[in-house]
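Data block for input.txt (compact mmCIF, C-alpha atoms and all ligand atoms):
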```txt
# COMPACT_ATOMS: atom_id res chain seq x y z
CA MET A 1 108.91 24.90 167.46
CA THR A 2 105.46 24.79 168.97
CA MET A 3 104.29 27.60 171.24
CA ASN A 4 101.46 25.53 172.67
CA TRP A 5 101.39 24.40 176.29
CA ASP A 6 99.06 21.52 175.33
CA GLU A 7 102.08 19.83 173.76
CA VAL A 8 103.41 19.13 177.26
CA VAL A 9 101.56 15.99 178.29
CA GLY A 10 100.80 14.90 181.83
CA GLN A 11 102.94 17.49 183.65
CA GLN A 12 100.11 19.70 184.83
CA GLY A 13 101.72 20.40 188.20
CA ALA A 14 104.98 21.64 186.70
CA VAL A 15 103.22 23.54 183.89
CA ASP A 16 100.93 25.33 186.37
CA ILE A 17 103.93 26.46 188.42
CA VAL A 18 105.89 27.88 185.50
CA ARG A 19 102.86 29.49 183.82
CA ALA A 20 102.02 31.22 187.09
CA MET A 21 105.60 32.52 187.19
CA LEU A 22 105.27 33.87 183.64
CA ALA A 23 101.84 35.40 184.28
CA THR A 24 103.08 37.29 187.33
CA ASP A 25 106.51 38.11 185.91
CA ARG A 26 108.10 36.50 188.93
CA ILE A 27 110.76 34.31 187.38
CA PRO A 28 113.57 33.06 189.63
CA HIS A 29 117.00 33.73 188.10
CA ALA A 30 117.73 29.99 188.01
CA LEU A 31 115.18 27.24 187.44
CA LEU A 32 115.89 23.53 187.59
CA PHE A 33 113.54 21.08 185.87
CA SER A 34 114.27 17.64 187.27
CA GLY A 35 112.89 14.19 186.49
CA PRO A 36 113.49 11.16 184.27
CA SER A 37 114.45 11.70 180.62
CA GLY A 38 111.90 11.91 177.83
CA ILE A 39 109.00 13.35 179.81
CA GLY A 40 108.87 16.92 178.52
CA LYS A 41 111.44 18.86 180.57
CA ALA A 42 113.27 20.32 177.58
CA LEU A 43 110.03 21.13 175.75
CA THR A 44 108.69 22.94 178.83
CA ALA A 45 112.02 24.74 179.27
CA LYS A 46 111.81 26.08 175.71
CA LEU A 47 108.22 27.23 176.24
CA VAL A 48 109.27 29.03 179.42
CA ALA A 49 112.26 30.56 177.61
CA ALA A 50 110.01 31.76 174.78
CA GLY A 51 107.58 33.07 177.40
CA ILE A 52 110.28 35.03 179.23
CA LEU A 53 111.46 36.59 175.96
CA CYS A 54 107.93 37.21 174.58
CA SER A 55 106.93 40.87 174.41
CA ALA A 56 103.14 40.32 174.45
CA GLY A 57 101.06 41.27 177.46
CA GLY A 58 98.77 38.28 178.00
CA ASP A 59 99.37 34.55 177.91
CA LYS A 60 103.02 33.91 177.09
CA PRO A 61 104.52 32.86 174.78
CA CYS A 62 102.05 34.49 172.38
CA GLY A 63 103.60 32.82 169.33
CA CYS A 64 103.26 35.86 167.09
CA CYS A 65 105.37 38.77 168.41
CA GLN A 66 108.77 39.46 166.85
CA SER A 67 110.50 37.67 169.73
CA CYS A 68 108.30 34.57 169.44
CA LEU A 69 108.79 34.43 165.67
CA LEU A 70 112.56 34.57 166.11
CA PHE A 71 112.39 31.93 168.83
CA GLY A 72 110.19 29.68 166.70
CA ARG A 73 112.76 29.83 163.90
CA GLY A 74 115.55 28.91 166.34
CA ALA A 75 117.13 32.31 165.68
CA HIS A 76 116.56 34.32 168.85
CA PRO A 77 119.79 36.19 169.66
CA ASP A 78 118.95 36.39 173.37
CA PHE A 79 118.57 32.65 173.82
CA ILE A 80 121.38 30.16 174.18
CA GLN A 81 121.08 26.42 174.61
CA VAL A 82 123.84 24.18 175.92
CA VAL A 83 123.56 20.41 175.40
CA PRO A 84 126.10 17.70 176.30
CA ASP A 85 129.03 17.44 173.92
CA GLY A 86 129.37 13.64 173.85
CA ALA A 87 128.98 12.30 177.38
CA THR A 88 129.58 15.55 179.27
CA ILE A 89 129.11 19.31 179.26
CA LYS A 90 132.62 20.70 179.14
CA ILE A 91 134.26 23.79 180.53
CA ASP A 92 134.73 25.24 177.02
CA GLN A 93 130.94 25.22 176.60
CA ILE A 94 130.55 27.10 179.87
CA ARG A 95 133.16 29.64 178.69
CA MET A 96 131.05 30.25 175.58
CA LEU A 97 128.01 30.68 177.79
CA LYS A 98 129.88 33.22 179.91
CA SER A 99 130.64 35.30 176.82
CA PHE A 100 126.92 35.22 176.04
CA ALA A 101 126.15 36.32 179.61
CA ALA A 102 128.41 39.34 179.20
CA LEU A 103 126.37 40.75 176.27
CA THR A 104 123.33 42.99 176.53
CA PRO A 105 119.91 41.86 175.22
CA SER A 106 119.29 42.49 171.49
CA VAL A 107 115.51 42.24 171.23
CA GLY A 108 113.81 42.91 174.57
CA GLU A 109 115.12 43.19 178.08
CA ALA A 110 115.55 39.53 178.98
CA ARG A 111 117.88 36.75 178.00
CA VAL A 112 117.64 33.03 178.67
CA CYS A 113 120.22 30.31 178.93
CA LEU A 114 119.05 26.70 178.78
CA ILE A 115 121.42 23.98 179.98
CA GLU A 116 120.10 20.53 179.17
CA ASP A 117 121.18 17.49 181.19
CA ALA A 118 123.06 19.73 183.60
CA GLU A 119 124.01 16.72 185.72
CA VAL A 120 126.63 15.72 183.16
CA MET A 121 128.62 18.94 183.56
CA THR A 122 132.22 18.08 184.39
CA VAL A 123 133.28 19.19 187.87
CA GLN A 124 135.35 22.00 186.31
CA ALA A 125 132.39 23.12 184.20
CA ALA A 126 130.05 23.05 187.21
CA ASN A 127 132.49 24.98 189.39
CA SER A 128 133.07 27.54 186.70
CA ILE A 129 129.36 28.36 186.39
CA LEU A 130 128.60 28.71 190.12
CA LYS A 131 129.26 32.42 190.43
CA LEU A 132 127.22 33.25 187.35
CA LEU A 133 124.33 31.12 188.64
CA GLU A 134 124.38 32.92 191.93
CA GLU A 135 124.64 36.44 190.59
CA PRO A 136 123.55 36.49 186.96
CA PRO A 137 123.56 39.85 185.17
CA ASN A 138 120.23 41.68 185.16
CA GLY A 139 117.57 40.03 183.03
CA LEU A 140 119.45 36.77 182.49
CA VAL A 141 117.53 33.64 183.47
CA PHE A 142 119.01 30.16 183.67
CA ILE A 143 116.90 27.08 183.04
CA LEU A 144 118.61 23.80 183.81
CA THR A 145 117.18 20.37 183.10
CA ALA A 146 118.52 17.33 184.94
CA GLY A 147 117.75 13.62 184.73
CA THR A 148 117.77 11.10 187.52
CA GLY A 149 120.95 9.24 186.56
CA LYS A 150 123.60 11.24 188.37
CA PRO A 151 123.01 13.60 191.27
CA LEU A 152 123.57 17.27 190.57
CA LEU A 153 126.28 18.98 192.62
CA PRO A 154 124.71 20.38 195.83
CA THR A 155 126.30 23.76 195.09
CA ILE A 156 124.33 23.94 191.81
CA LEU A 157 121.16 22.53 193.36
CA SER A 158 121.12 25.12 196.15
CA ARG A 159 121.23 27.98 193.65
CA CYS A 160 118.17 26.88 191.65
CA ARG A 161 114.43 26.86 192.18
CA LYS A 162 113.47 23.23 191.55
CA VAL A 163 110.40 22.14 189.56
CA ALA A 164 109.75 18.39 189.56
CA PHE A 165 108.56 16.45 186.50
CA CYS A 166 107.13 12.96 186.87
CA LEU A 167 106.62 9.82 184.77
CA LEU A 168 103.22 9.46 183.13
CA PRO A 169 100.83 6.63 184.01
CA ALA A 170 100.61 4.25 181.01
CA ASN A 171 96.92 5.00 180.34
CA ALA A 172 97.46 8.78 180.29
CA LEU A 173 100.38 8.34 177.91
CA GLU A 174 98.34 5.99 175.71
CA GLN A 175 95.51 8.53 175.44
CA ALA A 176 97.95 11.31 174.65
CA LEU A 177 99.53 9.24 171.86
CA VAL A 178 96.12 8.48 170.36
CA ARG A 179 95.28 12.21 170.50
CA LYS A 180 98.49 12.89 168.61
CA GLY A 181 97.12 10.61 165.88
CA TYR A 182 99.05 7.41 166.50
CA ASN A 183 97.39 4.07 165.87
CA ALA A 184 95.51 2.87 168.99
CA GLU A 185 96.99 -0.61 169.11
CA ALA A 186 100.58 0.61 168.74
CA SER A 187 99.94 3.34 171.32
CA ALA A 188 98.84 0.76 173.90
CA VAL A 189 102.03 -1.30 173.44
CA ILE A 190 104.35 1.70 173.32
CA ALA A 191 102.74 3.43 176.31
CA HIS A 192 103.75 0.46 178.46
CA LEU A 193 107.14 -0.03 176.87
CA SER A 194 108.20 3.58 177.20
CA GLY A 195 107.83 3.46 180.98
CA GLY A 196 105.79 6.66 181.14
CA ARG A 197 108.09 8.75 178.93
CA MET A 198 106.49 10.64 176.07
CA GLY A 199 109.88 11.29 174.41
CA LYS A 200 110.72 7.63 174.40
CA ALA A 201 107.23 6.67 173.21
CA ILE A 202 107.54 8.93 170.18
CA ALA A 203 111.00 7.57 169.38
CA LEU A 204 109.61 4.04 169.58
CA LEU A 205 106.71 4.91 167.30
CA ALA A 206 109.13 6.01 164.57
CA PRO A 207 109.26 3.49 161.69
CA ASP A 208 112.36 1.69 162.99
CA GLY A 209 111.80 2.60 166.63
CA LEU A 210 111.49 -0.94 167.86
CA GLU A 211 114.67 -2.06 166.16
CA PHE A 212 116.73 -1.72 169.35
CA ARG A 213 114.22 -3.77 171.31
CA ASP A 214 114.36 -6.49 168.65
CA MET A 215 118.14 -6.55 169.00
CA ALA A 216 117.80 -6.97 172.77
CA LEU A 217 115.27 -9.77 172.29
CA ALA A 218 117.54 -11.54 169.78
CA LEU A 219 120.37 -11.31 172.30
CA LEU A 220 118.21 -12.78 175.04
CA ARG A 221 117.29 -15.70 172.75
CA ASP A 222 120.84 -16.25 171.52
CA ILE A 223 122.17 -16.62 175.04
CA GLN A 224 119.99 -19.74 175.24
CA GLN A 225 121.75 -21.37 172.26
CA GLN A 226 124.09 -24.29 172.80
CA ASP A 227 127.16 -22.72 171.27
CA MET A 228 128.56 -19.21 171.35
CA THR A 229 128.50 -18.53 167.59
CA ALA A 230 125.22 -16.61 167.61
CA VAL A 231 126.26 -14.66 170.70
CA TRP A 232 129.56 -13.56 169.10
CA SER A 233 127.85 -12.48 165.92
CA GLN A 234 125.34 -10.42 167.96
CA SER A 235 128.18 -9.01 169.99
CA SER A 236 130.10 -7.81 166.95
CA LYS A 237 126.92 -6.32 165.44
CA LEU A 238 126.04 -4.51 168.67
CA SER A 239 129.49 -3.17 169.43
CA SER A 240 129.52 -1.42 166.05
CA LEU A 241 126.67 0.80 167.31
CA ALA A 242 127.32 4.22 168.79
CA ALA A 243 127.69 4.03 172.58
CA LYS A 244 124.39 5.87 173.09
CA ASP A 245 122.54 3.34 170.88
CA LEU A 246 124.21 0.37 172.53
CA ILE A 247 123.04 1.73 175.89
CA SER A 248 119.49 1.91 174.45
CA VAL A 249 119.68 -1.75 173.41
CA LEU A 250 120.89 -2.68 176.90
CA GLU A 251 118.10 -0.64 178.41
CA PHE A 252 115.59 -2.71 176.42
CA PHE A 253 117.44 -5.79 177.60
CA LEU A 254 116.78 -4.60 181.16
CA TYR A 255 113.08 -4.11 180.39
CA LEU A 256 112.92 -7.66 179.04
CA LEU A 257 114.64 -9.06 182.14
CA ARG A 258 112.30 -7.06 184.31
CA ASP A 259 109.34 -8.53 182.39
CA LEU A 260 110.75 -12.03 182.85
CA LEU A 261 110.70 -11.35 186.60
CA VAL A 262 107.06 -10.25 186.31
CA VAL A 263 106.22 -13.46 184.44
CA ALA A 264 108.25 -15.64 186.83
CA GLY A 265 106.55 -14.06 189.82
CA ARG A 266 103.09 -14.33 188.20
CA TYR A 267 102.38 -10.67 188.89
CA GLY A 268 100.02 -10.43 185.93
CA GLU A 269 100.31 -9.36 182.29
CA GLN A 270 99.10 -5.84 182.98
CA LEU A 271 102.48 -5.10 184.63
CA LEU A 272 104.52 -6.00 181.55
CA TYR A 273 106.40 -3.33 179.63
CA ASN A 274 106.49 -5.53 176.54
CA ILE A 275 102.79 -6.36 176.54
CA ASP A 276 102.95 -7.54 172.92
CA LEU A 277 105.61 -10.14 173.84
CA ALA A 278 103.64 -11.90 176.59
CA GLN A 279 103.73 -15.26 174.78
CA GLU A 280 107.44 -15.07 173.96
CA LEU A 281 108.28 -14.09 177.52
CA ALA A 282 106.24 -17.03 178.81
CA ASP A 283 108.28 -19.33 176.53
CA LEU A 284 111.58 -17.86 177.69
CA VAL A 285 110.91 -17.72 181.39
CA ALA A 286 111.85 -21.35 182.10
CA ASP A 287 115.41 -20.50 181.07
CA TRP A 288 115.47 -17.32 183.16
CA PRO A 289 114.68 -18.23 186.75
CA GLU A 290 114.37 -15.33 189.15
CA GLY A 291 117.88 -15.49 190.61
CA ARG A 292 119.47 -15.49 187.18
CA SER A 293 117.37 -12.58 185.90
CA MET A 294 118.16 -10.55 189.01
CA ALA A 295 121.88 -11.21 188.70
CA ALA A 296 121.66 -10.33 184.99
CA VAL A 297 119.96 -7.01 185.81
CA THR A 298 122.89 -6.02 188.02
CA ALA A 299 125.43 -7.15 185.41
CA VAL A 300 123.68 -5.29 182.57
CA LYS A 301 123.47 -2.10 184.65
CA ASN A 302 127.20 -2.32 185.41
CA THR A 303 127.93 -2.75 181.71
CA MET A 304 125.78 0.27 180.82
CA ARG A 305 127.63 2.32 183.43
CA ALA A 306 131.00 1.19 182.03
CA ILE A 307 130.03 2.06 178.44
CA ASP A 308 128.61 5.38 179.59
CA GLY A 309 131.98 6.01 181.24
CA ASN A 310 133.76 5.50 177.90
CA ALA A 311 134.87 1.87 178.42
CA ASN A 312 135.62 -0.10 175.24
CA SER A 313 132.10 -1.12 174.12
CA ARG A 314 133.15 -4.40 172.57
CA LEU A 315 135.14 -5.61 175.58
CA ALA A 316 132.46 -4.53 178.04
CA LEU A 317 129.76 -6.28 176.02
CA GLU A 318 131.77 -9.49 175.58
CA ASP A 319 132.51 -9.54 179.28
CA LEU A 320 128.78 -9.29 179.99
CA LEU A 321 127.81 -11.98 177.49
CA ILE A 322 130.41 -14.44 178.78
CA LYS A 323 129.05 -13.89 182.27
CA LEU A 324 125.41 -14.39 181.20
CA LYS A 325 126.30 -17.50 179.21
CA ASP A 326 128.29 -18.88 182.10
CA TRP A 327 125.37 -18.36 184.48
CA GLN A 328 123.09 -20.12 182.04
CA GLU A 329 125.33 -23.18 182.10
CA LYS A 330 126.38 -23.26 185.73
CA GLY A 331 123.63 -21.33 187.46
CA VAL A 332 124.06 -18.30 189.67
CA GLN A 333 123.22 -17.47 193.22
CA TYR A 334 121.93 -13.93 193.45
CA VAL A 335 122.68 -12.29 196.75
CA ASN A 336 121.75 -8.92 198.18
CA SER A 337 118.24 -8.95 196.72
CA SER A 338 116.89 -6.67 199.42
CA ARG A 339 115.01 -4.52 196.95
CA TYR A 340 113.36 -4.91 193.59
CA PRO A 341 115.96 -4.23 190.91
CA LEU A 342 114.01 -1.96 188.58
ZN ZN A 401 105.35 36.59 171.91
```
When written as structure tokens, how does the structure in this file appear?
Amino acid sequence: MTMNWDEVVGQQGAVDIVRAMLATDRIPHALLFSGPSGIGKALTAKLVAAGILCSAGGDKPCGCCQSCLLFGRGAHPDFIQVVPDGATIKIDQIRMLKSFAALTPSVGEARVCLIEDAEVMTVQAANSILKLLEEPPNGLVFILTAGTGKPLLPTILSRCRKVAFCLLPANALEQALVRKGYNAEASAVIAHLSGGRMGKAIALLAPDGLEFRDMALALLRDIQQQDMTAVWSQSSKLSSLAAKDLISVLEFFLYLLRDLLVVAGRYGEQLLYNIDLAQELADLVADWPEGRSMAAVTAVKNTMRAIDGNANSRLALEDLLIKLKDWQEKGVQYVNSSRYPL
């Protein structure tokens, strides 16, 4: 992996805080990097971990000491990384982490444990790690990352020093993508579509990165068809995806609905996520009046939550599509619109 802080884009505030900690050797025993997904939390966490383990004197991580070389190869014995196993981080994973905590350092004097997406720890897993978080053995540092989906347990939160990460403005993200060598035109589209998330932008810039958005767009169009044939064929295609991918498609569906609201409200093209679809959105908007789009946003979010909670993907999706189709035919009255849905 890279040992270069310049790779972290647009998080100057957070980077300054953690680099100052490294420079002064004042690292709290538990750090929490919080903010939306895909904005550089995990990358920063690995740089901090490498920095804590680095044996050089100056700017850390140096990238060339024995510790940094091991870290760069993903082979540092004093570093452990826990990521969700499926939808959650389970108690067995925390048990493994506890065995790691009981060892002594192999290379230097420090050890680091990174827990990514800590908010998805099961309650048992979270409870079982509390004591270790509060009183870790000498030299052991915890770095937790957490998204904005679920709140972290207050007992975990209170034991960590929090560092906040924020979404990038579209123009800063666009410039960063161009600097990374991506095509300028694609960077402009993707910077808007990724909602300020570098991780998402890079995924979208992969050769088939926009495939999920195209599926969402096809779904939006098919709901307008007279009969249900196209909708069912989309539904069977989509429910064969992994749950995580289906949630991505639905997320793009939300972005499209949100853009339809922008078009319907005449807020201006510059606010669109899908700036390259302005014409198509303008064509579709007559079929998606504001009330219907708002109701659809709520329904799609509920479906995403159900699938995330291990509901049967196919049934959840069909339920959603029947609802959307029904609203198209009979209309829908959206209530409780006290705040903007996205
Ligand atoms: Zn080093």
Open item on the list: Around ligand ZN 401 (chain A), out to 6 Å and counting all atoms listed in the file, which residues are there? I want them as a count of residues only.
Closed with: 10
TODO: Fewer than 6 positions away in the same chain doesn't count, so skip those; otherwise give me all residues within 12 Å of Gln81 in chain A, counting only C-alpha atoms, as a list in words.
DONE: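 Listing them by chain and then by number gives Ala42, Ala45, Lys46, Ala49, Phe71, Gly74, Ala75, Ile89, Gln93, Ile94, Met96, Leu97, Phe100, Arg111, Val112, Cys113, Leu114, Ile115, Glu116, Asp117, Ala118, Val141, Phe142, Ile143, Leu144 and Thr145 of chain A.
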Task: Between CA of Arg197 in chain A and CA of Leu31 in chain A - distance in Å to one decimal - done: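 CA of Leu31 in chain A sits 21.6 Å away from CA of Arg197 in chain A.
As for CA of Pro151 in chain A and CA of Val163 in chain A, they are spaced 15.3 Å apart.
Excluding Ile275 in chain A itself and same-chain residues fewer than 5 positions from it, the residues having an atom within 8 Å of it are A:Val189, A:His192, A:Leu193, A:Glu269, A:Gln270, counting all atoms listed in the file.
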TODO: Can you pull out every residue within 9 Å of range 179-188 of chain A, counting all atoms listed in the file, but drop anything in the same chain fewer than 3 positions away, and send it as a PyMOL selection string?
DONE: chain A and resi 170-171+173-176+191-193+201+205+275
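Pairwise distance (CA of Val123 in chain A, CA of Pro154 in chain A) equals 11.8 Å.
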Task: Among the residues A:Asp326, A:Asp214, A:Asp92, A:Asp25, the one that comes closest to Asp227 in chain A [using all atoms listed in the file] - done: A:Asp326
Open item on the list: With only C-alpha atoms as the counted atoms, please give the residues lying no more than 10 Å from Leu321 in chain A, apart from itself and same-chain residues fewer than 5 positions off, as JSON, numbers by chain.
Closed with: {"A": [219, 220, 223, 228, 231, 232, 234, 235, 296, 299, 300, 315, 316, 326, 327]}
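Closest approach to Gly35 in chain A among A:Ser233, A:Ser313, A:Thr148, A:Thr122 is made by A:Thr148 (distances from all atoms listed in the file).
Checking A:Ala172, A:Gly58, A:Leu210, A:Arg159 one by one against Asp276 in chain A, counting all atoms listed in the file, you find the shortest gap at A:Leu210.
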Task: Pick from A:Ser37, A:Ser293, A:Gln66, A:Asn274, whichever lies nearest to Met198 in chain A using only C-alpha atoms - done: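 Distance minimum relative to Met198 in chain A lands on A:Ser37.
Of the listed residues A:Arg305, A:Lys244, A:Lys41, A:His29, the one whose atoms come nearest to Gly10 in chain A is A:Lys41, with distances taken using all atoms listed in the file.
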Open item on the list: From the options A:Leu47, A:Ala230, A:Leu130, A:Leu272, which residue's atoms come nearest to Gly195 in chain A, counting only C-alpha atoms?
Closed with: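 Closest residue, counting only C-alpha atoms: A:Leu272.
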Mind checking which residues fall within 9 Å of Val18 in chain A, counting all atoms listed in the file, ignoring those fewer than 5 positions away in the same chain, and posting them as a PDB file with C-alpha atoms, keeping the file's coordinate frame?
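Contents of the output file around.pdb:
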```
ATOM      1  CA  GLY A  13     101.720  20.400 188.200  1.00  0.00           C
ATOM      2  CA  ALA A  23     101.840  35.400 184.280  1.00  0.00           C
ATOM      3  CA  ILE A  27     110.760  34.310 187.380  1.00  0.00           C
ATOM      4  CA  THR A  44     108.690  22.940 178.830  1.00  0.00           C
ATOM      5  CA  VAL A  48     109.270  29.030 179.420  1.00  0.00           C
ATOM      6  CA  VAL A 163     110.400  22.140 189.560  1.00  0.00           C
TER       7      VAL A 163
END
```
